[in-house]
Structures are given as C-alpha cells and as structure tokens.
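Structure file work.csv; described as CSV, C-alpha atoms.
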chain,number,residue,atom,x,y,z
A,214,MET,CA,-5.4,23.3,27.9
A,215,THR,CA,-4.8,20.6,25.3
A,216,VAL,CA,-2.3,21.4,22.6
A,217,ILE,CA,-1.5,19.8,19.3
A,218,ILE,CA,2.2,19.4,18.3
A,219,GLY,CA,2.4,19.1,14.6
A,220,MET,CA,5.7,17.7,13.3
A,221,ASP,CA,7.3,17.6,9.9
A,222,PRO,CA,9.9,14.9,10.3
A,223,HIS,CA,13.2,14.3,8.4
A,224,LYS,CA,16.1,11.9,9.0
A,225,ARG,CA,18.3,14.4,10.9
A,226,SER,CA,15.9,17.1,11.8
A,227,ALA,CA,12.3,17.8,12.8
A,228,THR,CA,10.2,21.0,12.7
A,229,ILE,CA,7.4,21.3,15.2
A,230,GLU,CA,4.6,23.7,15.7
A,231,ILE,CA,2.4,23.8,18.8
A,232,ILE,CA,-1.1,25.1,18.6
A,233,ASP,CA,-4.0,25.3,21.0
A,234,THR,CA,-7.6,24.1,20.4
A,235,HIS,CA,-8.4,27.4,18.6
A,236,ALA,CA,-5.5,26.9,16.2
A,237,HIS,CA,-3.5,29.7,17.7
A,238,VAL,CA,0.2,29.1,17.2
A,239,LEU,CA,2.1,28.9,20.5
A,240,THR,CA,5.6,27.8,19.6
A,241,VAL,CA,7.6,26.9,16.4
A,242,GLY,CA,11.0,25.2,16.4
A,243,ARG,CA,13.4,23.1,14.5
A,244,TYR,CA,15.4,20.4,16.3
A,245,GLY,CA,17.9,17.7,15.5
A,246,THR,CA,16.9,14.0,15.8
A,247,ASP,CA,20.1,13.1,17.7
A,248,LYS,CA,19.9,12.6,21.5
A,249,PRO,CA,20.5,16.3,22.4
A,250,GLY,CA,18.1,17.6,19.8
A,251,TYR,CA,15.4,15.1,20.8
A,252,ARG,CA,15.7,16.0,24.5
A,253,GLU,CA,15.5,19.7,23.7
A,254,MET,CA,12.4,19.1,21.6
A,255,LEU,CA,10.8,17.0,24.3
A,256,THR,CA,11.6,19.6,27.0
A,257,THR,CA,9.8,22.2,24.9
A,258,ALA,CA,6.8,20.1,24.5
A,259,GLN,CA,6.7,19.2,28.3
A,260,ARG,CA,5.8,22.8,29.0
A,261,PHE,CA,2.3,21.8,28.1
A,262,PRO,CA,1.0,19.0,30.3
A,263,ASP,CA,-1.9,18.0,28.1
A,264,ARG,CA,-0.4,17.5,24.7
A,265,VAL,CA,-0.8,15.3,21.6
A,266,TRP,CA,1.8,14.8,19.0
A,267,ALA,CA,0.7,14.7,15.3
A,268,ILE,CA,3.3,13.3,13.0
A,269,GLU,CA,3.2,13.0,9.2
A,270,GLY,CA,4.3,9.6,7.8
A,271,CYS,CA,4.4,7.4,10.9
A,272,ASN,CA,4.8,4.4,8.6
A,273,GLY,CA,7.7,6.1,6.7
A,274,ILE,CA,10.2,8.8,7.4
A,275,GLY,CA,8.4,9.7,10.7
A,276,ARG,CA,8.4,6.2,12.1
A,277,HIS,CA,11.7,6.5,14.1
A,278,LEU,CA,10.6,9.7,15.9
A,279,ALA,CA,7.0,8.4,16.5
A,280,HIS,CA,8.2,5.2,18.1
A,281,ARG,CA,10.7,7.1,20.3
A,282,LEU,CA,8.0,9.4,21.6
A,283,VAL,CA,5.6,6.5,22.2
A,284,HIS,CA,8.2,4.6,24.2
A,285,ASP,CA,8.7,7.8,26.3
A,286,GLY,CA,5.0,7.8,27.1
A,287,GLU,CA,3.8,10.4,24.7
A,288,THR,CA,0.5,10.3,22.8
A,289,VAL,CA,1.2,10.2,19.0
A,290,ILE,CA,-1.3,10.2,16.1
A,291,ASP,CA,-0.5,9.5,12.5
A,292,VAL,CA,-1.5,12.2,10.0
A,293,PRO,CA,-1.8,10.9,6.4
A,294,ALA,CA,0.3,12.9,3.9
A,295,LYS,CA,-2.7,13.5,1.6
A,296,LEU,CA,-4.7,15.0,4.4
A,297,SER,CA,-2.0,17.4,5.5
A,298,ALA,CA,-1.4,18.3,1.8
A,299,GLN,CA,-5.1,19.3,1.4
A,300,VAL,CA,-5.0,21.3,4.6
A,301,ARG,CA,-1.8,23.1,3.4
A,302,VAL,CA,-3.5,24.2,0.2
A,303,PHE,CA,-6.6,25.5,2.1
A,304,ALA,CA,-4.5,27.2,4.8
A,305,THR,CA,-1.9,28.9,2.6
A,306,GLY,CA,-3.8,29.3,-0.7
A,307,ASN,CA,-1.1,27.5,-2.6
A,308,GLY,CA,0.8,24.2,-2.5
A,309,ARG,CA,4.3,25.5,-1.6
A,310,LYS,CA,6.1,23.4,0.9
A,311,THR,CA,8.4,24.6,3.7
A,312,ASP,CA,9.1,22.8,7.0
A,313,PRO,CA,7.2,25.3,9.2
A,314,VAL,CA,4.2,25.3,6.7
A,315,ASP,CA,4.2,21.5,6.7
A,316,ALA,CA,4.3,21.3,10.5
A,317,HIS,CA,1.4,23.8,10.7
A,318,SER,CA,-0.6,21.8,8.2
A,319,VAL,CA,-0.1,18.6,10.1
A,320,ALA,CA,-1.2,20.3,13.4
A,321,LEU,CA,-4.3,21.7,11.8
A,322,ALA,CA,-5.2,18.3,10.2
A,323,ALA,CA,-4.9,16.6,13.6
A,324,LEU,CA,-7.0,19.3,15.2
A,325,ARG,CA,-9.9,19.1,12.7
A,326,ALA,CA,-10.0,15.5,11.6
A,327,PRO,CA,-11.4,12.9,14.0
A,328,ASN,CA,-10.5,9.2,14.2
A,329,LEU,CA,-6.8,9.5,13.1
A,330,ARG,CA,-4.8,6.5,14.0
A,331,ARG,CA,-3.1,6.5,17.3
A,332,VAL,CA,0.5,5.1,17.1
A,333,ALA,CA,0.9,2.2,19.5
A,334,ALA,CA,4.1,0.7,20.9
A,335,ASP,CA,3.4,-2.9,19.8
A,336,SER,CA,6.7,-4.6,19.1
A,337,THR,CA,4.9,-7.4,17.3
A,338,LEU,CA,3.0,-5.1,14.9
A,339,THR,CA,6.2,-3.2,14.3
A,340,ALA,CA,8.1,-6.4,13.4
A,341,LEU,CA,5.2,-7.4,11.1
A,342,GLY,CA,5.4,-4.1,9.3
A,343,LEU,CA,9.1,-4.2,8.9
A,344,LEU,CA,9.0,-7.8,7.6
A,345,ALA,CA,6.1,-7.0,5.3
A,346,ASP,CA,8.2,-4.1,3.8
A,347,ARG,CA,11.1,-6.5,3.4
A,348,ARG,CA,8.8,-9.1,1.7
A,349,ASP,CA,7.5,-6.5,-0.7
A,350,ALA,CA,11.0,-5.4,-1.6
A,351,LEU,CA,12.0,-9.0,-2.3
A,352,GLY,CA,9.0,-9.4,-4.5
A,353,ARG,CA,10.0,-6.4,-6.5
A,354,ALA,CA,13.6,-7.6,-6.7
A,355,HIS,CA,12.3,-11.0,-8.0
A,356,THR,CA,10.3,-9.3,-10.8
A,357,GLU,CA,13.2,-7.0,-11.8
A,358,THR,CA,15.7,-9.9,-11.9
A,359,LEU,CA,13.3,-12.1,-13.9
A,360,ASN,CA,12.7,-9.3,-16.4
A,361,ARG,CA,16.5,-8.9,-16.9
A,362,LEU,CA,16.8,-12.7,-17.4
A,363,HIS,CA,14.0,-12.6,-20.0
A,364,ARG,CA,15.8,-9.9,-22.0
A,365,LEU,CA,19.0,-12.0,-22.0
A,366,LEU,CA,17.2,-15.2,-23.0
A,367,LEU,CA,15.5,-13.4,-25.9
A,368,GLU,CA,19.0,-12.9,-27.3
A,369,LEU,CA,20.1,-16.5,-26.7
A,370,LEU,CA,16.9,-18.4,-27.7
A,371,PRO,CA,14.7,-17.8,-30.7
A,372,GLY,CA,11.5,-16.4,-29.2
A,373,GLY,CA,12.9,-16.3,-25.7
A,374,ALA,CA,11.4,-18.2,-22.8
A,375,LYS,CA,7.8,-18.6,-21.4
A,376,LYS,CA,6.4,-15.7,-19.3
A,377,TYR,CA,6.2,-17.6,-16.0
A,378,LEU,CA,9.7,-18.9,-15.7
A,379,THR,CA,11.3,-20.5,-12.6
A,380,ALA,CA,15.0,-20.5,-11.8
A,381,ALA,CA,15.2,-24.2,-12.3
A,382,GLN,CA,13.5,-24.0,-15.7
A,383,ALA,CA,15.9,-21.2,-16.7
A,384,ARG,CA,18.9,-23.4,-15.8
A,385,ARG,CA,17.7,-26.2,-17.9
A,386,LEU,CA,17.2,-23.9,-20.8
A,387,LEU,CA,20.7,-22.4,-20.5
A,388,ALA,CA,22.1,-25.9,-20.4
A,389,THR,CA,20.9,-26.4,-24.0
A,390,VAL,CA,22.7,-23.2,-25.2
A,391,LYS,CA,26.3,-23.4,-26.2
A,392,PRO,CA,27.3,-20.2,-28.0
A,393,ARG,CA,30.7,-20.1,-29.7
A,394,ASP,CA,31.1,-16.4,-30.4
A,395,PRO,CA,32.4,-14.0,-27.7
A,396,GLY,CA,29.1,-12.0,-27.5
A,397,GLY,CA,27.0,-15.2,-27.0
A,398,LYS,CA,29.3,-16.4,-24.3
A,399,ILE,CA,29.0,-13.1,-22.4
A,400,LEU,CA,25.2,-13.3,-22.8
A,401,ARG,CA,25.1,-16.8,-21.4
A,402,ARG,CA,27.4,-15.9,-18.5
A,403,LEU,CA,25.2,-12.9,-17.6
A,404,ALA,CA,22.1,-15.1,-17.8
A,405,VAL,CA,23.6,-17.7,-15.5
A,406,GLU,CA,24.4,-14.9,-13.0
A,407,GLN,CA,20.8,-13.7,-13.1
A,408,VAL,CA,19.6,-17.2,-12.5
A,409,SER,CA,21.8,-17.4,-9.4
A,410,ASP,CA,20.5,-14.1,-8.2
A,411,LEU,CA,16.9,-15.4,-8.8
A,412,GLU,CA,17.6,-18.5,-6.7
A,413,THR,CA,19.0,-16.4,-3.9
A,414,ILE,CA,15.9,-14.1,-3.9
A,415,ASP,CA,13.6,-17.2,-3.9
A,416,ARG,CA,15.3,-18.6,-0.8
A,417,LYS,CA,15.0,-15.3,1.0
A,418,ILE,CA,11.3,-15.1,0.0
A,419,LYS,CA,10.6,-18.5,1.4
A,420,ALA,CA,12.4,-17.7,4.6
A,421,ALA,CA,10.5,-14.4,4.9
A,422,ASP,CA,7.2,-16.1,4.4
A,423,ARG,CA,7.9,-18.7,7.0
A,424,GLU,CA,8.8,-16.0,9.6
A,425,LEU,CA,5.7,-14.0,8.7
A,426,ARG,CA,3.5,-17.0,9.0
A,427,GLN,CA,4.8,-17.8,12.4
A,428,LEU,CA,4.5,-14.2,13.7
A,429,VAL,CA,0.9,-13.8,12.3
A,430,THR,CA,-0.1,-17.1,13.9
A,431,GLU,CA,1.5,-16.2,17.3
A,432,HIS,CA,-0.4,-12.9,17.1
A,433,GLY,CA,-3.7,-14.8,17.2
A,434,SER,CA,-4.8,-13.8,13.7
A,435,THR,CA,-6.9,-16.1,11.5
A,436,LEU,CA,-6.6,-13.9,8.4
A,437,MET,CA,-4.5,-16.5,6.5
A,438,SER,CA,-7.5,-18.8,6.6
A,439,LEU,CA,-9.3,-16.4,4.1
A,440,HIS,CA,-8.9,-17.4,0.5
A,441,GLY,CA,-6.4,-15.1,-1.1
A,442,ILE,CA,-4.6,-13.9,2.1
A,443,GLY,CA,-1.1,-15.1,2.5
A,444,PRO,CA,1.5,-14.4,5.2
A,445,SER,CA,2.7,-11.1,3.6
A,446,SER,CA,-0.9,-9.8,3.1
A,447,ALA,CA,-1.9,-10.7,6.6
A,448,ALA,CA,1.1,-9.0,8.1
A,449,ARG,CA,0.4,-5.9,6.1
A,450,LEU,CA,-3.2,-5.8,7.3
A,451,LEU,CA,-2.2,-6.2,10.9
A,452,ALA,CA,0.6,-3.7,10.8
A,453,ASP,CA,-1.2,-0.9,8.9
A,454,VAL,CA,-4.6,-1.3,10.6
A,455,GLY,CA,-3.4,-1.7,14.2
A,456,ASP,CA,-6.5,-1.5,16.3
A,457,ILE,CA,-9.5,-2.4,14.3
A,458,HIS,CA,-11.8,-0.8,16.9
A,459,ARG,CA,-10.7,2.6,15.6
A,460,PHE,CA,-13.1,2.1,12.7
A,461,ALA,CA,-16.7,2.6,13.8
A,462,ASP,CA,-18.0,0.1,11.2
A,463,ARG,CA,-17.1,-1.7,8.0
A,464,ASN,CA,-18.1,1.4,6.0
A,465,ARG,CA,-15.4,3.5,7.7
A,466,PHE,CA,-12.9,0.7,7.1
A,467,ALA,CA,-13.8,0.5,3.4
A,468,SER,CA,-13.5,4.3,3.1
A,469,TRP,CA,-10.1,4.1,4.7
A,470,ASN,CA,-8.8,1.4,2.4
A,471,GLY,CA,-10.3,3.0,-0.8
A,472,THR,CA,-12.8,0.3,-1.7
A,473,ALA,CA,-15.8,2.4,-0.9
A,474,PRO,CA,-17.0,4.1,-4.1
A,475,LEU,CA,-17.4,7.9,-4.1
A,476,ASP,CA,-20.8,9.5,-4.7
A,477,ALA,CA,-20.6,11.4,-8.0
A,478,SER,CA,-24.3,12.0,-8.4
A,479,SER,CA,-25.6,15.2,-10.0
A,480,GLY,CA,-29.3,16.2,-10.1
A,481,ASP,CA,-31.4,13.2,-11.0
A,482,GLN,CA,-28.4,11.2,-12.1
A,483,ARG,CA,-27.3,8.7,-9.5
A,484,ARG,CA,-23.8,7.2,-9.9
A,485,HIS,CA,-20.6,6.5,-8.1
A,486,ARG,CA,-17.0,6.6,-9.2
A,487,LEU,CA,-13.8,4.8,-8.2
A,488,SER,CA,-12.1,6.1,-5.1
A,489,ARG,CA,-8.3,6.5,-5.5
A,490,ALA,CA,-7.9,7.7,-1.9
A,491,GLY,CA,-7.3,5.6,1.2
A,492,ASN,CA,-4.4,3.3,2.1
A,493,ARG,CA,-3.2,2.0,-1.2
A,494,ARG,CA,-1.2,-0.8,0.3
A,495,ILE,CA,-4.3,-2.3,1.9
A,496,ASN,CA,-6.2,-1.7,-1.3
A,497,ARG,CA,-3.5,-3.7,-3.1
A,498,VAL,CA,-3.9,-6.5,-0.6
A,499,LEU,CA,-7.7,-6.6,-1.2
A,500,HIS,CA,-7.1,-6.5,-5.0
A,501,ILE,CA,-4.7,-9.5,-4.8
A,502,MET,CA,-7.3,-11.3,-2.7
A,503,ALA,CA,-10.0,-10.6,-5.3
A,504,ILE,CA,-7.8,-11.8,-8.2
A,505,VAL,CA,-7.0,-15.1,-6.3
A,506,GLN,CA,-10.6,-15.7,-5.6
A,507,LEU,CA,-11.6,-15.1,-9.2
A,508,ARG,CA,-9.1,-17.8,-10.4
A,509,HIS,CA,-10.8,-20.5,-8.3
A,510,HIS,CA,-14.3,-21.7,-7.7
A,511,THR,CA,-15.0,-19.6,-4.6
A,512,PRO,CA,-18.0,-17.7,-3.3
A,513,GLY,CA,-16.1,-14.6,-4.4
A,514,ARG,CA,-16.1,-15.9,-8.0
A,515,ALA,CA,-19.9,-16.6,-7.7
A,516,TYR,CA,-20.5,-13.1,-6.4
A,517,TYR,CA,-18.5,-11.6,-9.3
A,518,ASP,CA,-20.4,-13.7,-11.8
A,519,THR,CA,-23.7,-12.5,-10.3
A,520,ARG,CA,-22.7,-8.9,-10.7
A,521,ARG,CA,-21.6,-9.5,-14.3
A,522,ALA,CA,-25.0,-11.1,-15.0
A,523,GLY,CA,-26.7,-8.1,-13.5
A,524,GLY,CA,-25.2,-5.8,-16.1
A,525,LYS,CA,-22.0,-4.7,-14.4
A,526,THR,CA,-18.8,-4.4,-16.4
A,527,SER,CA,-15.8,-6.5,-15.4
A,528,LYS,CA,-14.2,-3.6,-13.7
A,529,GLU,CA,-17.3,-2.6,-11.8
A,530,ALA,CA,-17.9,-6.2,-10.7
A,531,LEU,CA,-14.3,-6.4,-9.5
A,532,ARG,CA,-14.7,-3.2,-7.5
A,533,ALA,CA,-17.9,-4.6,-5.9
A,534,LEU,CA,-16.1,-7.8,-5.0
A,535,LYS,CA,-13.2,-5.8,-3.4
A,536,ARG,CA,-15.7,-3.9,-1.3
A,537,ARG,CA,-17.4,-7.2,-0.2
A,538,LEU,CA,-14.0,-8.6,0.6
A,539,SER,CA,-13.2,-5.5,2.6
A,540,ASN,CA,-16.3,-6.2,4.7
A,541,LEU,CA,-15.1,-9.8,5.2
A,542,VAL,CA,-11.6,-8.8,6.3
A,543,TYR,CA,-13.1,-6.2,8.7
A,544,THR,CA,-15.4,-8.8,10.3
A,545,ARG,CA,-12.6,-11.3,10.6
A,546,MET,CA,-10.1,-8.8,12.2
A,547,LEU,CA,-12.9,-7.6,14.6
A,548,THR,CA,-13.5,-11.2,15.7
A,549,ASP,CA,-9.8,-11.9,16.2
A,550,GLN,CA,-9.3,-8.8,18.3
A,551,ARG,CA,-12.3,-9.5,20.5
A,552,ARG,CA,-11.0,-13.0,21.1
A,553,ARG,CA,-7.6,-11.6,22.0
A,554,GLU,CA,-9.2,-9.2,24.4
A,555,LEU,CA,-11.1,-12.0,26.1
A,556,VAL,CA,-7.9,-13.8,26.7
A,557,GLY,CA,-6.6,-11.0,28.9
A,558,PRO,CA,-3.5,-8.8,28.9
A,559,GLY,CA,-1.3,-11.6,27.6
A,560,GLY,CA,-3.5,-11.8,24.5
A,561,GLN,CA,-3.8,-8.1,23.8
A,562,SER,CA,-2.5,-6.7,20.6
A,563,GLY,CA,-0.9,-3.8,22.6
A,564,THR,CA,-3.1,-1.1,21.1
A,565,THR,CA,-5.6,1.1,22.7
A,566,PRO,CA,-9.4,1.1,22.0
A,567,ASP,CA,-9.3,4.9,22.0
A,568,SER,CA,-9.6,5.6,18.3
A,569,SER,CA,-9.5,9.3,18.5
A,570,ALA,CA,-6.4,10.8,20.1
A,571,THR,CA,-7.8,14.2,20.9
A,572,GLY,CA,-11.6,14.3,20.6
A,573,LEU,CA,-11.3,18.0,20.3
A,574,THR,CA,-13.9,18.6,17.7
A,575,PRO,CA,-17.4,17.1,17.7
A,576,ASN,CA,-18.0,17.6,14.0
A,577,THR,CA,-17.2,14.9,11.4
A,578,ASP,CA,-15.2,15.8,8.3
A,579,PRO,CA,-17.0,14.9,5.1
A,580,SER,CA,-14.0,12.8,4.0
A,581,ASP,CA,-14.4,10.6,7.0
A,582,LYS,CA,-18.1,9.8,6.5
A,583,PRO,CA,-18.8,6.3,5.4
A,584,GLN,CA,-19.3,6.1,1.6
A,585,PRO,CA,-22.4,4.4,0.2
A,586,GLY,CA,-22.0,1.1,-1.5
A,587,PRO,CA,-22.8,0.4,-5.1
A,588,ASN,CA,-26.4,0.8,-6.1
A,589,HIS,CA,-27.2,-2.8,-7.1
A,590,LYS,CA,-30.5,-3.5,-8.8
A,591,THR,CA,-30.0,-7.2,-8.6
A,592,LYS,CA,-30.5,-9.2,-5.4
A,593,PRO,CA,-27.2,-9.2,-3.5
A,594,ALA,CA,-25.3,-12.5,-3.4
A,595,PRO,CA,-24.0,-13.9,-0.1
A,596,ALA,CA,-20.7,-12.6,1.1
A,597,PRO,CA,-17.7,-14.6,-0.1
A,598,MET,CA,-16.2,-16.6,2.6
A,599,GLY,CA,-12.6,-17.7,3.1
Can you dump the structure from the file as structure tokens?
Amino acid sequence: MTVIIGMDPHKRSATIEIIDTHAHVLTVGRYGTDKPGYREMLTTAQRFPDRVWAIEGCNGIGRHLAHRLVHDGETVIDVPAKLSAQVRVFATGNGRKTDPVDAHSVALAALRAPNLRRVAADSTLTALGLLADRRDALGRAHTETLNRLHRLLLELLPGGAKKYLTAAQARRLLATVKPRDPGGKILRRLAVEQVSDLETIDRKIKAADRELRQLVTEHGSTLMSLHGIGPSSAARLLADVGDIHRFADRNRFASWNGTAPLDASSGDQRRHRLSRAGNRRINRVLHIMAIVQLRHHTPGRAYYDTRRAGGKTSKEALRALKRRLSNLVYTRMLTDQRRRELVGPGGQSGTTPDSSATGLTPNTDPSDKPQPGPNHKTKPAPAPMG
C-alpha cells in the first residue's frame, strides 16, 4: 500500500502525517530535526515500504529536510504553499493554521494533485539555486545602499544626483563637496561610507556573476544565449525548474510560471485575465527578459509592436510577449536537456524523467490544466528568438 507522508517543516521541528490512498490518517507525529529526531521520524516512516514524502517549501524552510531525505534514498515531492493553503481551507472550513493541520493539508494536496515536482539530489542545481539566492540578495542590497546614498546626496547637492548613479560617479561628486559646518561634514562622511559599501557590493556581484556563468555553462545550458537572460536568470530557471520533462508541454510550463492568462469568460463574453499564480521568481525572470528585449531592436520588440498595432494595450502586449518568451525558454530548456541525455550519464542533470511522484489519481485538477493563450485577432508574429 502506498502512503503519503505530509510534512510541515520548521527549523528545529517537523510535524508529519501519514495517510493512505483513501486519505485515511494512519499516523501523526512531531519530531526534532536534530540527528536523534530525524532518525526517529525516518524509523516511523519505514514501517510503510511504499512511501512518498510530501514537503511544503522545498525551496525554503523545508529544503534542509528534503535534501536529507533524498540523500537517504527517499522519494520527496515539493508541495507549493499556495496549494496546501487552498486544501487547508477546503478540508477544515477555515484558514486556521496548526502544525498537524498543515501536515494534513500537505498530504492531501500531494494525494490529489498530479505532476508535483520531485525533489532531486543534484548538487549542481542545488549550488545554482543557492548562488541565485545570494545574487538576488546582493541586488537588493545594491538598491538599498544606492537609495540611502541618494538621500544623503540630496542634502549635500542642490537637486541631488542623477537616478542611475555608479560608485565612481558618486565619488567624483563627493570630491566637489567641501562642507564646513559639522552637520555637512557628517553627511559627507556618511555618504563616503555608503559609496564604499556600494563598491564592495559591486565587486561581490561581479564575482557572483562570474561563478554563476561558469556553473551554467558547465551544466550544458544555452539559456544565456537568449536575449535578456543573464547568469542569475539562467541559474534561477535551472534551479527552480529542475527536470523540464515534468511539464507535458509549453502550456503547462506557462501555467506553472504564471504567464498563461486565466479564462474569465462569462456567457457570450470571451475574455482572459492576468494570472497572479505560479512561480513568481520565474515570472520575474521572464518579465526582466521581456523588458530587456523591448529596449533593443529584437524579434520580441517586433512582436510587441505587432500586438500594439492590433489594438492591445501596452500591458496586454507585454503579457502576450511574456507568454511567447515562456514558450521560447521551454523549447530551449527541452533542447538542452535532450542533448544532455544523449551524452549519457556524465551529461545528465541528475533528475528523473518521472514527473509524478505518486501517480495515485488518474484525474487532473483544474488548476493544472493548460490555460488558453490570448485570443488574438491579428495574424500572430513569429516567435522572438534569442
């Protein structure tokens, strides 16, 4: 009998609930995440030979437990927090959260939803994910430091400095400022400190980009050859997507990353609305890719202009472009993975082609169905290329 082990993970504890294929609760328990607690939890689970672990937040708080289980030969699937939250409301009639309720919701979500991502023990993808997180944190630190510097420069210089300011430009500006009053001297000293911090962050960003570029290239990915995809974006795509084969087609991929519009038709009125679901980090990568393509003379820009000429608003045309870019990224990742598979074990990404961890239910949840694309009346333009 196959069982699902739903887990609500925390830093120092984890609550699990084991259910069978009929959603009958078999065992509930709370365990520590230290070595004795982990061994006790694993011993409890090993009473059921055919088992699948379902963990909420395998890219966040649950990552440390998910990877420990995978390294111990366990099958682990990642349950999105939004999915388990929806199940919790339907299962309990309210949105109240407790650890046992969360574990129960995660287990039910894994039982009923097909095609959830199977967590793979790929050290390269793990490293790419960690470095992409670090690169994102450096980008936020750069923005925060620059904002603080602008506030100080506004006090030192009439009108402040230009919006897009580099550390070198800021140093040259500060060299022209010689305040004599105590307040002005403090402002200048604080501004110099912010410039020094900005230079340090810039060096770390360049080093992170070099390391990411090398890892992405060694992984055999050609995503960086697409216009608008840099080392950080490529690493984020590889780490969050994992095995591209888990998506049956490009429509499923677009639904997963939130670029597929949602059907909002009613009666004879046919319309679609923006989807705010899906992986928002990948959606952000595609948004940046679209903005970069719009700033240059690219096929993406031509596609956008065609949509605008067809009567779409700027936002609608941008959404259509993001969906088209999602298709382009899907095709490129599929090609890269097939090429790695042809190379042999040495070129494998380390993931499994088994997209569904359980295969317990033959029915497809409505939220997993591919969403229709925009209802264009104009002749579609060719897909933008990298």
*asked:* Restricting the calculation to only C-alpha atoms: of A:Ala404, A:Ala490, A:Val300, A:Met254, which residue gets closest to A:Val314?
replied: A:Val300
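Nearest-residue note for A:Leu343: choosing from A:Tyr251, A:Asn272, A:Ser226, A:Arg497, the minimum distance belongs to A:Asn272, counting only C-alpha atoms.
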Taking 3 positions as the minimum chain separation for residues in the same chain, which residues sit within 7 Å of stretch 524-535 of chain A when counting only C-alpha atoms? Answer as a PDB file with C-alpha atoms, in the coordinates of the input.
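Written out: result35.pdb:
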ATOM      1  CA  THR A 472     -12.800   0.300  -1.700  1.00  0.00           C
ATOM      2  CA  LEU A 499      -7.700  -6.600  -1.200  1.00  0.00           C
ATOM      3  CA  HIS A 500      -7.100  -6.500  -5.000  1.00  0.00           C
ATOM      4  CA  ALA A 503     -10.000 -10.600  -5.300  1.00  0.00           C
ATOM      5  CA  GLY A 513     -16.100 -14.600  -4.400  1.00  0.00           C
ATOM      6  CA  TYR A 517     -18.500 -11.600  -9.300  1.00  0.00           C
ATOM      7  CA  ARG A 520     -22.700  -8.900 -10.700  1.00  0.00           C
ATOM      8  CA  ARG A 521     -21.600  -9.500 -14.300  1.00  0.00           C
ATOM      9  CA  LEU A 538     -14.000  -8.600   0.600  1.00  0.00           C
ATOM     10  CA  SER A 539     -13.200  -5.500   2.600  1.00  0.00           C
TER      11      SER A 539
END
Please report as JSON lines every residue of stretch 350-460 of chain A lying within 12 Å of stretch 282-298 of chain A, along with the nearest atom pair and their distance in Å (one decimal), using only C-alpha atoms.
{"residue": "A:Asp453", "atom": "CA", "partner": "A:Asp291", "partner_atom": "CA", "distance": 11.0}
{"residue": "A:Val454", "atom": "CA", "partner": "A:Asp291", "partner_atom": "CA", "distance": 11.7}
{"residue": "A:Gly455", "atom": "CA", "partner": "A:Asp291", "partner_atom": "CA", "distance": 11.7}
List as a tab-separated table every residue of stretch 337-402 of chain A that is in contact with stretch 406-411 of chain A, defined as an atom at most 9 Å from one of its atoms (using all atoms listed in the file), together with the nearest atom pair and the distance in Å rounded to one decimal, sorted by chain and then rising number.
residue	atom	partner	partner_atom	distance
A:Ala354	CA	A:Leu411	CA	8.7
A:His355	CA	A:Leu411	CA	6.4
A:Thr358	CA	A:Leu411	CA	6.4
A:Leu359	CA	A:Leu411	CA	7.1
A:Arg361	CA	A:Gln407	CA	7.5
A:Leu362	CA	A:Gln407	CA	6.0
A:Thr379	CA	A:Leu411	CA	8.5
A:Ala380	CA	A:Val408	CA	5.7
A:Ala381	CA	A:Val408	CA	8.3
A:Ala383	CA	A:Val408	CA	6.9
A:Arg384	CA	A:Val408	CA	7.1
A:Arg401	CA	A:Glu406	CA	8.6
A:Arg402	CA	A:Glu406	CA	6.3
